[in-house]
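As structure tokens, the structure follows; a few thoughts come after it.
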Amino acid sequence: MVAEYNEKIINQRNDYLHKITVQLVKDNDVIVMEDLKAKNLLRNHKLSRAIVNQSWREMRRMLEYKCAWCGKTIVIVNPYKMTVATSSAPFCQKIGHLMPRISPPSAII
């Protein structure tokens, strides 16, 4: 009974991830993601369960193969290579553009 319930939750999460990644790939030619270190984020015990439930790594994996499949570009940005150009917009050294502030992925998903 518990295993069936857990399987249902996993299937729902994977279905949602597939839908959201397909939409992202369809709507964008270039997708930029920050290379988050989940191990460092999991040190916060109050947030660790929520972070694990978000399946960030699985979303990144899906985006990578779907972008390759559709001929789109995905750029993974190292958070330590970001420099702050202004207090409201960081400058990405990898792609060479000012990037607008957006809400963190956990607020979107």
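Residues in the structure tokens are numbered from 1 in each chain, the chains being A, B, ... in the order shown, and ligands are numbered from 1 in the order shown.
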
Original post:
Could you pull the residues within 9 Å of stretch 58-65 of chain A, counting only C-alpha atoms, minus those fewer than 3 positions along the same chain, as number ranges by chain?
Top reply: A: 14, 17-18, 20-22, 24-25, 31, 33, 54-55, 68-70, 73-74

For the selection just defined, write its residues with C-alpha atoms to a file, as a PDB file, in the first residue's frame.
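Full text of again.pdb as output:
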```
ATOM      1  CA  ASN A  14       8.061  12.807 -13.279  1.00  0.00           C
ATOM      2  CA  LEU A  17       8.897  17.502 -14.791  1.00  0.00           C
ATOM      3  CA  HIS A  18       8.394  16.201 -18.338  1.00  0.00           C
ATOM      4  CA  ILE A  20       7.533  21.701 -17.616  1.00  0.00           C
ATOM      5  CA  THR A  21      10.791  20.806 -19.380  1.00  0.00           C
ATOM      6  CA  VAL A  22       9.023  20.282 -22.727  1.00  0.00           C
ATOM      7  CA  LEU A  24      10.710  25.353 -21.433  1.00  0.00           C
ATOM      8  CA  VAL A  25      12.464  23.803 -24.432  1.00  0.00           C
ATOM      9  CA  ILE A  31      18.189  28.030 -21.336  1.00  0.00           C
ATOM     10  CA  MET A  33      20.762  27.266 -15.339  1.00  0.00           C
ATOM     11  CA  GLN A  54      12.010  19.313  -5.988  1.00  0.00           C
ATOM     12  CA  SER A  55      14.108  16.921  -8.120  1.00  0.00           C
ATOM     13  CA  ALA A  68      20.204  18.265 -27.356  1.00  0.00           C
ATOM     14  CA  TRP A  69      17.320  16.444 -29.020  1.00  0.00           C
ATOM     15  CA  CYS A  70      15.633  19.666 -30.236  1.00  0.00           C
ATOM     16  CA  THR A  73      21.236  25.420 -26.191  1.00  0.00           C
ATOM     17  CA  ILE A  74      21.521  24.932 -22.448  1.00  0.00           C
TER      18      ILE A  74
END
```

**OP:** Return the single residue from A:Asn11, A:Asp27, A:Ala38, A:Tyr80 that is closest to A:Ala50, with distances computed using only C-alpha atoms.
**Re:** A:Ala38

Original post:
Pick the closest to A:Trp56 from A:Lys26, A:Arg43, A:Lys37, A:Lys8: which is it, counting only C-alpha atoms?
Top reply: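 When distances to A:Trp56 are compared using only C-alpha atoms, the smallest one comes from A:Lys37.
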
Original post:
What's the 6 Å shell around stretch 76-78 of chain A, counting only C-alpha atoms, without same-chain residues fewer than 3 positions away, as a ChimeraX atom specification?
Top reply: /A:32-35,81

Original post:
So how far away is atom CA of A:Val2 from atom CA of A:Arg49, in Å?
Top reply: 18.5 Å

Subject >> Secondary structure check, helix (DSSP H, G or I) residues of stretch 27-76 of chain A, as a PyMOL selection string >> reply: chain A and resi 27+38-41+48-54+56-70

Subject >> Atom pair atom CA of A:Ile51 / atom CA of A:Cys67: separation (Å) >> reply: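 Result for atom CA of A:Ile51 versus atom CA of A:Cys67: 24.0 Å, one decimal.
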